[in-house]
Amino acid sequence: MTSLCLYSDQKSSTQHQSPILSEFEEILTHTSTDLSVSNYSYRHVQPNIVREIFDEDLHSSDIFRLQLARTCTADIFLVHISTLLVAGACRILRLNIDDDGLLGPLLDPLLEDNHRFSNYSKALMDNGQSVPSYPFMKHLSSIHQLIAMPSVIRAHDPKVAYLLECVGYEQHLRPGIDFIRKNKVMCTNYLFQCIIVETIGKVTHLIELSKWLNLCEGGRSATLRLPTVDQSQLLVDYFHASMLSEEGILKRNNEWLHGQYQQDSSLQNPHDFENFLECVATNVGGFIKLICDDTTTEQSDVPTSRAHWIEELCSIFMDWCGCRELETTRFQCTQVLANMEEIVSCCPFGNIEGIILGHGSSVGRSILALKAEKVDNCLDQILKLIHALPDSELQVLCLHRTTDGLVRLKANDRVCNRVDAEHMLCKLYIIYERLKGGSRSTSLTPRIFFEHCHPIPGINFSRLQSISKDAVGSFRLMVEQGIWVFYDEYKESQPTK
């Protein structure tokens, strides 16, 4: 397991600068955001997380790193995603940030601590308590205590959550293809914004961009916003200015790309990225027109498939916007349309089928022991597992069951679908990378902050805050009742109470 030898007490943590501290200072240097988290540090880390001593003969062997040899049952899969969801909710609520604004792993406060954790106290302690009744964080397992990971729910991912903060969470007010046909200009802007967040995706950059847009509008508003098609030149100008070095040369575009999954390598060239943004702005209106003019759904028993629209968007990216890597671009296009489906209800691009797996979900599928040859069938089995959960366990997953019997996201009331199942498979891969035997399980300096994971400096995501409070509250109740289970990697894959 990950070693904390460098950060086993306060004294040692002040002597060794955390790698994430220097990274966060770089963010502070290049932005002017009024950040609610002033520093990220290991200052208050206590040696109370189970860890395994690094064994070079064992941990560096090829057998130890055979990720595909790992398997996971359906029951343990549910344990994994529930644990990850609660850990993510704790980070959304900033339970791992002390009152001085310093961030560390998810820890239970100790009586001898010199640091106050008011966020933790509000969520998991009663009035008058100086220490929690239970070691709640230890019930998340050590990897979830140590390492920030992306959310199980894609609408909770920072870049998607930021998109919804800008356009609104009220998906039901935007019903399907009819809404798109009646609001072509609005939906053209929505699509443009979906592409921006799926390309840039770093919310700290998007916040600064929002401030620039507000300044260009007169500087009176503090509203979070994303650029419209008409503001695309402002976006290009802002990007260009941010990439200029002191010598007046454009730097390689690694800062703006989100890094959550591999993107087309051409986007790393700043000139090509500017061209990409300009060409996207020019062509998204034509894509929306194609959808609106398509009458196959009304005139045929075989409507135009969602896969068709993914290929149409992929063609625009490849033929007009400079992308060169087909498989990488196609996967990004699937995520762009999934973003649009977070905004517009009733599956505006057709039934959600023929799902394309990314690298992470492909490995996740190999780990999860389900008997299904076709991808969609595998994803359907995952959805059946979710639907079979009682309402109390859906609460932990930030889901709820409506009177029509459907399981929906609390964030925007969207029906849980195969895209969500694909997203969960990807998170299974990330978890198994970190478990004992995984290829990333032996880091001596684990990162506790990633730009695509919560918490994000400068934004609280108020909608997700209320949902996360319910999830953490349910987790607390289950721990207190002795019915919470988590995956103990030291007990041969057996869930533990």
# chains A, B, ... in the order shown; residues from 1 in each chain; ligands from 1

call {"tool": "residues_around", "arguments": {"residues": "A:Phe192", "least_positions_apart": "5", "cutoff": "9 Å", "atoms": "only C-alpha atoms", "output": "list of chain:residue names"}}
result
A:Cys187, A:Val197, A:Pro227, A:Thr228, A:Val229, A:Val280, A:Ala281, A:Val284, A:Gly285

call {"tool": "write_last_selection", "arguments": {"atoms": "N, CA and C atoms", "output": "PDB file, in the first residue's frame"}}
result
ATOM      1  N   CYS A 187     -29.193  26.071 -28.416  1.00  0.00           N
ATOM      2  CA  CYS A 187     -28.603  24.738 -28.405  1.00  0.00           C
ATOM      3  C   CYS A 187     -27.267  24.696 -29.150  1.00  0.00           C
ATOM      4  N   VAL A 197     -15.894  22.411 -22.429  1.00  0.00           N
ATOM      5  CA  VAL A 197     -15.593  21.764 -21.138  1.00  0.00           C
ATOM      6  C   VAL A 197     -15.007  20.374 -21.344  1.00  0.00           C
ATOM      7  N   PRO A 227     -18.241  30.746 -22.774  1.00  0.00           N
ATOM      8  CA  PRO A 227     -18.425  31.572 -23.972  1.00  0.00           C
ATOM      9  C   PRO A 227     -19.462  30.992 -24.921  1.00  0.00           C
ATOM     10  N   THR A 228     -20.188  31.863 -25.578  1.00  0.00           N
ATOM     11  CA  THR A 228     -21.084  31.467 -26.653  1.00  0.00           C
ATOM     12  C   THR A 228     -20.300  31.435 -27.965  1.00  0.00           C
ATOM     13  N   VAL A 229     -20.956  31.003 -29.024  1.00  0.00           N
ATOM     14  CA  VAL A 229     -20.313  30.999 -30.336  1.00  0.00           C
ATOM     15  C   VAL A 229     -19.884  32.414 -30.724  1.00  0.00           C
ATOM     16  N   VAL A 280     -14.541  24.866 -34.560  1.00  0.00           N
ATOM     17  CA  VAL A 280     -15.687  24.350 -33.811  1.00  0.00           C
ATOM     18  C   VAL A 280     -16.791  25.404 -33.782  1.00  0.00           C
ATOM     19  N   ALA A 281     -16.413  26.650 -33.468  1.00  0.00           N
ATOM     20  CA  ALA A 281     -17.403  27.727 -33.419  1.00  0.00           C
ATOM     21  C   ALA A 281     -18.096  27.909 -34.767  1.00  0.00           C
ATOM     22  N   VAL A 284     -20.460  24.198 -35.368  1.00  0.00           N
ATOM     23  CA  VAL A 284     -21.453  23.585 -34.472  1.00  0.00           C
ATOM     24  C   VAL A 284     -22.880  23.907 -34.903  1.00  0.00           C
ATOM     25  N   GLY A 285     -23.078  25.101 -35.477  1.00  0.00           N
ATOM     26  CA  GLY A 285     -24.415  25.445 -35.948  1.00  0.00           C
ATOM     27  C   GLY A 285     -24.899  24.502 -37.035  1.00  0.00           C
TER      28      GLY A 285
END

call {"tool": "residues_around", "arguments": {"residues": "A:Met243", "least_positions_apart": "3", "cutoff": "9 Å", "atoms": "only C-alpha atoms", "output": "list in words"}}
result
Tyr238, Phe239, His240, Ile249, Leu250, Lys251, Arg252, Asn253, Glu255 and Pro270 of chain A

call {"tool": "write_last_selection", "arguments": {"atoms": "N, CA and C atoms", "output": "compact mmCIF listing (two decimals), in the first residue's frame"}}
result
# COMPACT_ATOMS: atom_id res chain seq x y z
N TYR A 238 -8.10 35.13 -25.36
CA TYR A 238 -7.73 34.85 -23.97
C TYR A 238 -6.74 33.69 -23.91
N PHE A 239 -7.02 32.62 -24.66
CA PHE A 239 -6.12 31.48 -24.70
C PHE A 239 -4.74 31.90 -25.21
N HIS A 240 -4.72 32.66 -26.29
CA HIS A 240 -3.46 33.08 -26.89
C HIS A 240 -2.62 33.88 -25.88
N ILE A 249 6.83 33.78 -27.17
CA ILE A 249 6.63 32.54 -27.92
C ILE A 249 5.51 31.74 -27.27
N LEU A 250 4.65 31.12 -28.08
CA LEU A 250 3.56 30.31 -27.53
C LEU A 250 4.11 29.01 -26.93
N LYS A 251 3.71 28.75 -25.69
CA LYS A 251 4.14 27.52 -25.00
C LYS A 251 3.29 26.34 -25.46
N ARG A 252 3.78 25.14 -25.20
CA ARG A 252 3.04 23.92 -25.52
C ARG A 252 1.77 23.87 -24.68
N ASN A 253 0.67 23.50 -25.30
CA ASN A 253 -0.63 23.57 -24.64
C ASN A 253 -0.88 22.32 -23.79
N GLU A 255 -1.32 22.96 -20.27
CA GLU A 255 -2.03 23.50 -19.12
C GLU A 255 -3.53 23.50 -19.31
N PRO A 270 -0.39 24.95 -29.64
CA PRO A 270 -1.27 26.10 -29.38
C PRO A 270 -1.90 26.68 -30.65

call {"tool": "closest_residue", "arguments": {"among": "A:Glu198, A:Glu278, A:Asp413, A:Glu165", "to": "A:Leu224", "atoms": "only C-alpha atoms"}}
result
A:Glu165

call {"tool": "atom_distance", "arguments": {"atom1": "atom CA of A:Leu235", "atom2": "atom CA of A:Gly176"}}
result
28.8 Å

call {"tool": "residues_around", "arguments": {"residues": "A:Ser361", "least_positions_apart": "4", "cutoff": "9 Å", "atoms": "only C-alpha atoms", "output": "list of chain:residue names"}}
result
A:Leu357, A:Arg365, A:Ser366, A:Glu422, A:His423, A:Met424, A:Leu425, A:Cys426, A:Lys427, A:Leu428, A:Tyr429

call {"tool": "select_by_dssp", "arguments": {"residues": "stretch 99-172 of chain A", "states": "alpha helix (DSSP H)", "output": "VMD selection string"}}
result
chain A and resid 118 to 124 142 to 146 158 to 167

call {"tool": "closest_residue", "arguments": {"among": "A:Arg408, A:His359, A:Arg174, A:Arg94", "to": "A:Ala155", "atoms": "only C-alpha atoms"}}
result
A:Arg408

call {"tool": "atom_distance", "arguments": {"atom1": "atom CA of A:Ser305", "atom2": "atom CA of A:Gly354"}}
result
9.0 Å

call {"tool": "closest_residue", "arguments": {"among": "A:Cys378, A:Phe449, A:Trp484, A:Asp157", "to": "A:Asn96", "atoms": "only C-alpha atoms"}}
result
A:Phe449

call {"tool": "closest_residue", "arguments": {"among": "A:His144, A:Lys138, A:His271, A:His172", "to": "A:Leu435", "atoms": "only C-alpha atoms"}}
result
A:His144
